[in-house]
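For reference, structure_2.cif (mmCIF, C-alpha atoms and all ligand atoms):
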```
data_data
loop_
_atom_site.label_atom_id
_atom_site.label_comp_id
_atom_site.auth_asym_id
_atom_site.auth_seq_id
_atom_site.Cartn_x
_atom_site.Cartn_y
_atom_site.Cartn_z
CA MET A 24 0.00 0.00 0.00
CA ASN A 25 1.55 3.31 -0.96
CA ILE A 26 1.40 6.42 1.24
CA THR A 27 -1.51 7.93 -0.68
CA SER A 28 -3.55 4.77 -0.14
CA LYS A 29 -2.68 4.78 3.57
CA ILE A 30 -3.77 8.38 3.97
CA LEU A 31 -6.98 7.68 2.11
CA LEU A 32 -7.65 4.62 4.28
CA SER A 33 -7.09 6.51 7.53
CA ILE A 34 -9.40 9.32 6.38
CA ILE A 35 -12.12 6.82 5.52
CA THR A 36 -11.68 4.92 8.79
CA GLY A 37 -11.68 8.10 10.83
CA THR A 38 -14.88 9.45 9.36
CA CYS A 39 -16.69 6.13 9.64
CA LEU A 40 -15.90 5.66 13.33
CA VAL A 41 -18.01 8.57 14.49
CA PRO A 42 -21.50 7.29 13.71
CA PHE A 43 -20.64 3.80 14.94
CA THR A 44 -19.44 5.14 18.26
CA ALA A 45 -22.33 7.54 18.59
CA CYS A 46 -24.93 4.91 18.07
CA GLY A 47 -23.68 2.14 20.18
CA SER A 48 -20.83 -0.05 19.00
CA SER A 49 -22.95 -2.05 16.67
CA ASP A 50 -20.86 -5.21 16.60
CA SER A 51 -20.73 -5.73 20.32
CA ASN A 52 -24.38 -4.83 20.57
CA ASN A 53 -25.26 -7.44 18.04
CA GLN A 54 -23.55 -10.00 20.18
CA SER A 55 -25.27 -8.94 23.36
CA SER A 56 -28.47 -8.63 21.41
CA GLN A 57 -28.36 -12.39 20.88
CA GLN A 58 -27.94 -13.06 24.59
CA VAL A 59 -30.56 -10.60 25.60
CA THR A 60 -33.10 -11.77 23.10
CA THR A 61 -32.91 -15.09 24.88
CA THR A 62 -33.29 -13.41 28.24
CA GLN A 63 -36.21 -11.36 27.05
CA GLN A 64 -37.90 -14.37 25.54
CA GLU A 65 -37.56 -16.09 28.87
CA GLN A 66 -38.99 -13.05 30.58
CA THR A 67 -41.96 -12.72 28.30
CA THR A 68 -42.88 -16.37 28.60
CA ASP A 69 -42.67 -16.17 32.38
CA THR A 70 -45.81 -14.29 33.30
CA THR A 71 -45.24 -14.35 37.04
CA THR A 72 -41.87 -12.74 37.55
CA THR A 73 -42.22 -9.17 36.42
CA ALA A 74 -41.71 -7.87 39.90
CA THR A 75 -39.14 -9.79 41.87
CA THR A 76 -37.56 -9.44 45.21
CA LYS A 77 -33.88 -10.02 45.79
CA GLU A 78 -34.90 -13.32 47.31
CA ASP A 79 -36.45 -14.36 44.02
CA LYS A 80 -33.06 -14.22 42.35
CA THR A 81 -31.82 -17.11 44.42
CA THR A 82 -35.16 -18.83 44.99
CA PRO A 83 -36.87 -18.88 41.61
CA GLU A 84 -40.04 -20.50 42.88
CA VAL A 85 -40.77 -17.45 45.05
CA THR A 86 -42.41 -15.14 42.56
CA VAL A 87 -44.64 -12.13 42.67
CA GLU A 88 -47.80 -12.22 40.59
CA ASN A 89 -48.06 -9.83 37.67
CA ASN A 90 -49.61 -6.55 38.67
CA ALA A 91 -48.57 -7.18 42.25
CA THR A 92 -46.63 -4.63 44.19
CA ALA A 93 -42.94 -5.40 44.24
CA GLU A 94 -42.91 -5.29 48.01
CA ALA A 95 -39.90 -5.81 50.15
CA THR A 96 -40.17 -8.97 52.18
CA ASP A 97 -39.42 -9.22 55.89
CA SER A 98 -36.23 -11.04 55.07
CA THR A 99 -34.83 -8.36 52.78
CA GLU A 100 -36.39 -5.24 54.29
CA SER A 101 -35.22 -3.44 51.20
CA ASN A 102 -36.38 0.09 50.74
CA THR A 103 -34.60 0.32 47.41
CA LEU A 104 -36.02 -0.71 44.07
CA VAL A 105 -34.04 -1.10 40.87
CA VAL A 106 -36.32 -0.54 37.88
CA TYR A 107 -34.99 -0.98 34.38
CA PHE A 108 -35.79 -1.39 30.71
CA SER A 109 -33.22 -3.10 28.55
CA ARG A 110 -33.68 -4.29 25.00
CA THR A 111 -30.29 -5.78 24.24
CA GLY A 112 -29.02 -6.59 27.73
CA ASN A 113 -26.47 -3.87 28.39
CA THR A 114 -28.56 -1.96 30.89
CA GLU A 115 -29.79 -5.20 32.40
CA LYS A 116 -26.20 -6.15 33.24
CA ILE A 117 -25.61 -2.87 35.05
CA ALA A 118 -28.95 -3.28 36.84
CA GLU A 119 -27.95 -6.76 37.97
CA TYR A 120 -24.71 -5.41 39.42
CA LEU A 121 -26.70 -2.73 41.21
CA ILE A 122 -29.19 -5.22 42.59
CA ASN A 123 -26.30 -7.30 43.84
CA ILE A 124 -24.56 -4.32 45.43
CA THR A 125 -27.66 -2.83 47.05
CA ASN A 126 -29.58 -6.04 47.81
CA ALA A 127 -32.49 -4.15 46.27
CA ASP A 128 -35.73 -5.49 44.87
CA SER A 129 -36.17 -5.22 41.14
CA TYR A 130 -38.79 -4.54 38.53
CA VAL A 131 -38.23 -5.05 34.81
CA ILE A 132 -40.15 -2.79 32.45
CA GLU A 133 -41.34 -4.87 29.53
CA ALA A 134 -43.27 -3.62 26.54
CA ALA A 135 -46.73 -5.08 25.99
CA VAL A 136 -45.67 -5.30 22.37
CA PRO A 137 -42.05 -6.45 22.61
CA TYR A 138 -39.43 -4.61 20.59
CA THR A 139 -38.22 -6.80 17.75
CA ASP A 140 -34.81 -6.44 16.15
CA GLU A 141 -36.50 -4.59 13.27
CA ASP A 142 -38.17 -2.26 15.77
CA ILE A 143 -34.80 -1.03 17.03
CA GLU A 144 -32.99 -0.91 13.68
CA TYR A 145 -32.10 2.74 14.07
CA ASN A 146 -30.54 3.00 10.61
CA ASN A 147 -34.07 2.61 9.32
CA ALA A 148 -35.61 6.05 9.83
CA SER A 149 -39.11 4.62 10.13
CA CYS A 150 -38.37 1.82 12.59
CA ARG A 151 -40.59 1.73 15.65
CA ALA A 152 -37.96 3.03 18.08
CA ASN A 153 -37.13 5.97 15.85
CA GLN A 154 -40.79 6.85 15.36
CA GLU A 155 -41.39 6.72 19.11
CA GLN A 156 -38.34 8.84 19.91
CA ASN A 157 -39.49 11.40 17.35
CA ASP A 158 -42.78 11.87 19.20
CA LYS A 159 -42.54 12.91 22.84
CA SER A 160 -46.20 12.08 23.43
CA VAL A 161 -45.90 8.36 22.64
CA ARG A 162 -46.37 6.07 25.65
CA PRO A 163 -45.72 2.43 24.79
CA GLU A 164 -47.79 0.14 26.98
CA ILE A 165 -46.06 -1.81 29.74
CA VAL A 166 -47.00 -5.48 29.91
CA ASP A 167 -47.41 -5.81 33.69
CA PRO A 168 -47.38 -2.35 35.21
CA ILE A 169 -46.14 -2.26 38.77
CA SER A 170 -49.11 -1.52 40.99
CA SER A 171 -47.32 0.41 43.70
CA ILE A 172 -43.91 1.67 44.73
CA ASP A 173 -45.19 2.76 48.14
CA SER A 174 -42.82 0.54 50.09
CA TYR A 175 -39.70 2.02 48.53
CA ASP A 176 -37.87 5.22 49.32
CA THR A 177 -35.15 4.98 46.70
CA ILE A 178 -35.63 4.03 43.07
CA PHE A 179 -32.82 3.44 40.61
CA LEU A 180 -34.18 3.82 37.09
CA GLY A 181 -32.16 2.28 34.27
CA PHE A 182 -32.55 2.48 30.50
CA PRO A 183 -30.61 2.55 27.24
CA ILE A 184 -30.16 5.87 25.46
CA TRP A 185 -32.25 5.99 22.30
CA TRP A 186 -31.50 9.00 20.15
CA GLY A 187 -29.98 10.95 22.97
CA GLN A 188 -32.67 10.31 25.54
CA GLU A 189 -34.70 7.81 27.53
CA PRO A 190 -36.95 5.43 25.57
CA ARG A 191 -40.59 6.52 25.66
CA ILE A 192 -41.55 3.45 27.67
CA ILE A 193 -39.59 4.97 30.55
CA ASP A 194 -41.99 7.90 30.36
CA THR A 195 -44.88 5.44 30.52
CA PHE A 196 -43.42 4.06 33.73
CA LEU A 197 -42.72 7.47 35.22
CA GLU A 198 -46.28 8.63 34.66
CA SER A 199 -47.69 5.48 36.23
CA CYS A 200 -46.29 6.08 39.73
CA ASP A 201 -46.06 8.79 42.35
CA PHE A 202 -42.45 9.83 42.91
CA SER A 203 -43.18 12.97 44.88
CA GLU A 204 -41.69 11.54 48.06
CA LYS A 205 -39.10 9.30 46.47
CA THR A 206 -35.42 9.58 45.74
CA VAL A 207 -34.88 8.72 42.08
CA ILE A 208 -31.48 7.92 40.63
CA PRO A 209 -31.35 7.45 36.85
CA PHE A 210 -28.68 5.37 35.14
CA CYS A 211 -28.23 4.40 31.54
CA THR A 212 -26.05 2.66 29.00
CA SER A 213 -25.21 4.04 25.58
CA GLY A 214 -22.69 3.95 22.78
CA SER A 215 -21.41 7.36 23.80
CA SER A 216 -24.30 9.75 24.54
CA GLY A 217 -24.66 11.11 28.05
CA ILE A 218 -27.59 10.98 30.44
CA SER A 219 -28.19 14.72 30.90
CA THR A 220 -31.03 15.11 28.37
CA SER A 221 -32.86 12.18 29.96
CA GLU A 222 -32.33 13.65 33.42
CA LYS A 223 -33.89 16.89 32.27
CA ASN A 224 -36.79 15.09 30.59
CA ILE A 225 -37.46 13.03 33.71
CA SER A 226 -37.43 16.03 36.01
CA GLU A 227 -39.81 17.92 33.72
CA LEU A 228 -42.19 14.99 33.23
CA VAL A 229 -43.06 14.10 36.81
CA THR A 230 -42.70 15.45 40.31
CA ILE A 231 -39.84 13.80 42.12
CA GLY A 232 -38.96 14.20 45.79
CA THR A 233 -35.22 14.13 45.21
CA GLN A 234 -33.60 13.39 41.89
CA LEU A 235 -29.95 12.55 42.30
CA GLU A 236 -27.42 12.98 39.55
CA GLY A 237 -27.56 10.07 37.14
CA ARG A 238 -24.79 8.06 35.59
CA ARG A 239 -24.11 6.79 32.09
CA PHE A 240 -22.21 3.53 31.73
CA PRO A 241 -20.66 1.99 28.63
CA ALA A 242 -22.03 -1.40 27.64
CA GLY A 243 -19.26 -3.41 29.23
CA ALA A 244 -18.90 -1.57 32.53
CA SER A 245 -17.76 -3.73 35.41
CA GLU A 246 -19.41 -4.34 38.77
CA ASP A 247 -16.49 -2.48 40.36
CA GLU A 248 -17.36 0.63 38.32
CA VAL A 249 -20.97 0.38 39.37
CA LYS A 250 -19.95 -0.09 43.01
CA GLU A 251 -17.63 2.94 42.85
CA TRP A 252 -20.51 5.04 41.54
CA TYR A 253 -22.91 3.65 44.13
CA ASP A 254 -20.48 4.54 46.92
CA THR A 255 -20.32 8.15 45.74
CA LEU A 256 -24.08 8.45 46.28
CA ASN A 257 -23.65 8.08 50.04
CA LEU A 258 -27.11 6.62 50.35
CA ASN A 259 -26.43 4.87 53.62
CA LYS A 260 -25.10 7.95 55.38
C1 LIG A 301 -33.03 2.96 18.56
C2 LIG A 301 -31.68 3.14 19.19
C3 LIG A 301 -31.16 4.41 19.32
C4 LIG A 301 -29.91 4.59 19.92
N1 LIG A 301 -29.46 5.86 20.07
C5 LIG A 301 -28.26 6.07 20.68
C6 LIG A 301 -27.77 7.39 20.87
O1 LIG A 301 -28.40 8.38 20.53
N2 LIG A 301 -26.57 7.53 21.48
C7 LIG A 301 -25.82 6.46 21.90
O2 LIG A 301 -24.75 6.67 22.44
N3 LIG A 301 -26.28 5.20 21.74
C8 LIG A 301 -27.48 4.97 21.16
N4 LIG A 301 -27.96 3.70 21.00
C9 LIG A 301 -27.18 2.58 21.55
C10 LIG A 301 -27.73 2.13 22.92
O3 LIG A 301 -27.91 3.21 23.79
C11 LIG A 301 -26.79 1.13 23.58
O4 LIG A 301 -26.51 0.06 22.74
C12 LIG A 301 -27.36 0.64 24.89
O5 LIG A 301 -26.32 0.11 25.68
C13 LIG A 301 -28.43 -0.43 24.70
O6 LIG A 301 -28.92 -0.80 25.96
P1 LIG A 301 -29.72 -2.15 26.20
O7 LIG A 301 -28.81 -3.29 25.79
O8 LIG A 301 -29.97 -2.17 27.66
O9 LIG A 301 -30.95 -2.12 25.38
C14 LIG A 301 -29.17 3.48 20.40
C15 LIG A 301 -29.71 2.20 20.26
C16 LIG A 301 -30.95 2.04 19.66
C17 LIG A 301 -31.52 0.65 19.52
#
```
Give the structure from this file in structure tokens form.
Ligand SMILES: Cc1cc2nc3c(=O)[nH]c(=O)nc-3n(C[C@H](O)[C@H](O)[C@H](O)COP(=O)(O)O)c2cc1C
Amino acid sequence: MNITSKILLSIITGTCLVPFTACGSSDSNNQSSQQVTTTQQEQTTDTTTTATTKEDKTTPEVTVENNATAEATDSTESNTLVVYFSRTGNTEKIAEYLINITNADSYVIEAAVPYTDEDIEYNNASCRANQEQNDKSVRPEIVDPISSIDSYDTIFLGFPIWWGQEPRIIDTFLESCDFSEKTVIPFCTSGSSGISTSEKNISELVTIGTQLEGRRFPAGASEDEVKEWYDTLNLNK
């Protein structure tokens, strides 16, 4: 390869990296997409585990009926709930670390009409996700809405970034509960976009007792990173 070819190649590579980075490292996402599709299929076929307590993680037969309150049990006495939506598993992984670190209960937001691979094909301008993100009034239905968050003081709310902000189904969740006396801590995963637009949207959409600064994680963040962030929140002080 002569020098001109090398220069040309580096220019082409440089310009192509930007959209890939901005919209979520497509190769690695495709891989996790496979794993998560499996997870989500399992979740959608299991109609009794939408709301789970920490205990449920280790004792699968202990489940909470759909539409039931994700209440803390006597054994966990958790006043923290980790709520998340994850389509391709990246946010779910962070949420799992958080659940492990906090011993919190959890609630998975699932769409009544699940998002297919085609639905999130963001290179297709008219895919479902793009259409929803283009319309702030869209509220995708949640399959088993949580009936109450009364027993929790602190709610971690996790989601992927879709076109710079929270997926509309997060707005559906937010409008379904009363957060006026809760502490809400958003977290997200993304290819590169930050969480600030989502934080603003959330604070403008509903009344929140205390909204702590959120945190964006890359797809492959480690449990140590999540723990370091959690420690900075000083929630137990
Ligand atoms: C429809 C769609 C839009 C996206 N928009 C962005 C974006 O604006 N900025 C970004 O950094 N990543 C974007 N991504 C990448 C995701 O935020 C990233 O892959 C995330 O980790 C996925 O989380 P999940 O696996 O929990 O679904 C987008 C992904 C999809 C499917």
At most 6 Å is the cut-off: for each residue in chain A with any atom that close to an atom of ligand LIG 301 (chain A), write down the nearest atom pair and the distance in Å rounded to one decimal, counting only C-alpha atoms and all ligand atoms, chain first then increasing number, as a tab-separated table.
```
residue	atom	partner	partner_atom	distance
A:Ala45	CA	A:LIG301	O2	4.6
A:Cys46	CA	A:LIG301	N3	3.9
A:Gly47	CA	A:LIG301	C9	3.8
A:Asn52	CA	A:LIG301	O4	5.8
A:Ser109	CA	A:LIG301	O8	3.5
A:Arg110	CA	A:LIG301	O9	3.5
A:Thr111	CA	A:LIG301	O7	3.3
A:Gly112	CA	A:LIG301	O7	3.8
A:Asn113	CA	A:LIG301	O7	3.5
A:Thr114	CA	A:LIG301	O8	3.5
A:Glu115	CA	A:LIG301	O8	5.6
A:Ile143	CA	A:LIG301	C17	4.4
A:Tyr145	CA	A:LIG301	C1	4.6
A:Ala152	CA	A:LIG301	C1	5.0
A:Asn153	CA	A:LIG301	C1	5.8
A:Pro183	CA	A:LIG301	O6	4.0
A:Ile184	CA	A:LIG301	O3	3.9
A:Trp185	CA	A:LIG301	C3	3.5
A:Trp186	CA	A:LIG301	O1	3.2
A:Gly187	CA	A:LIG301	O1	3.9
A:Thr212	CA	A:LIG301	O5	4.2
A:Ser213	CA	A:LIG301	O3	3.3
A:Gly214	CA	A:LIG301	O2	3.4
A:Ser215	CA	A:LIG301	O2	3.7
A:Ser216	CA	A:LIG301	O2	3.8
A:Ala242	CA	A:LIG301	O5	5.0
```
Length of the atom CA of Glu189 of chain A to atom CA of Pro209 of chain A vector [Å]
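Computing the Euclidean distance for atom CA of Glu189 of chain A and atom CA of Pro209 of chain A yields 9.9 Å.
Between atom CA of Pro163 of chain A and atom CA of Glu198 of chain A lies a distance of 11.7 Å.
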What is the atom CA of Lys250 of chain A-atom CA of Thr177 of chain A distance in Å, reported with one decimal?
16.4 Å
Determine, counting all atoms listed in the file, which protein, DNA and RNA residues have an atom within 10 Å of an atom of Trp252 of chain A; residues of the same chain fewer than 5 positions away are not included. Present the result as a PyMOL selection string.
chain A and resi 121+237-238+246-247+257
Just the residues within 12 Å of Leu258 of chain A, please, counting all atoms listed in the file, with nothing from its chain fewer than 2 positions along; format it as a ChimeraX atom specification.
/A:102-103,125,176-179,206-208,235,252-256,260
Export of the given selection (C-alpha atoms) as a PDB file, in the frame of the given file:
```pdb
ATOM      1  CA  ASN A 102     -36.380   0.090  50.740  1.00  0.00           C
ATOM      2  CA  THR A 103     -34.600   0.320  47.410  1.00  0.00           C
ATOM      3  CA  THR A 125     -27.660  -2.830  47.050  1.00  0.00           C
ATOM      4  CA  ASP A 176     -37.870   5.220  49.320  1.00  0.00           C
ATOM      5  CA  THR A 177     -35.150   4.980  46.700  1.00  0.00           C
ATOM      6  CA  ILE A 178     -35.630   4.030  43.070  1.00  0.00           C
ATOM      7  CA  PHE A 179     -32.820   3.440  40.610  1.00  0.00           C
ATOM      8  CA  THR A 206     -35.420   9.580  45.740  1.00  0.00           C
ATOM      9  CA  VAL A 207     -34.880   8.720  42.080  1.00  0.00           C
ATOM     10  CA  ILE A 208     -31.480   7.920  40.630  1.00  0.00           C
ATOM     11  CA  LEU A 235     -29.950  12.550  42.300  1.00  0.00           C
ATOM     12  CA  TRP A 252     -20.510   5.040  41.540  1.00  0.00           C
ATOM     13  CA  TYR A 253     -22.910   3.650  44.130  1.00  0.00           C
ATOM     14  CA  ASP A 254     -20.480   4.540  46.920  1.00  0.00           C
ATOM     15  CA  THR A 255     -20.320   8.150  45.740  1.00  0.00           C
ATOM     16  CA  LEU A 256     -24.080   8.450  46.280  1.00  0.00           C
ATOM     17  CA  LYS A 260     -25.100   7.950  55.380  1.00  0.00           C
TER      18      LYS A 260
END
```
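The list of residues within 12 Å of (-49.5, 12.5, 24.0), counted using all atoms listed in the file, is Glu155, Asp158, Lys159, Ser160, Val161, Arg162, Pro163, Arg191, Asp194, Thr195 and Glu198 of chain A.
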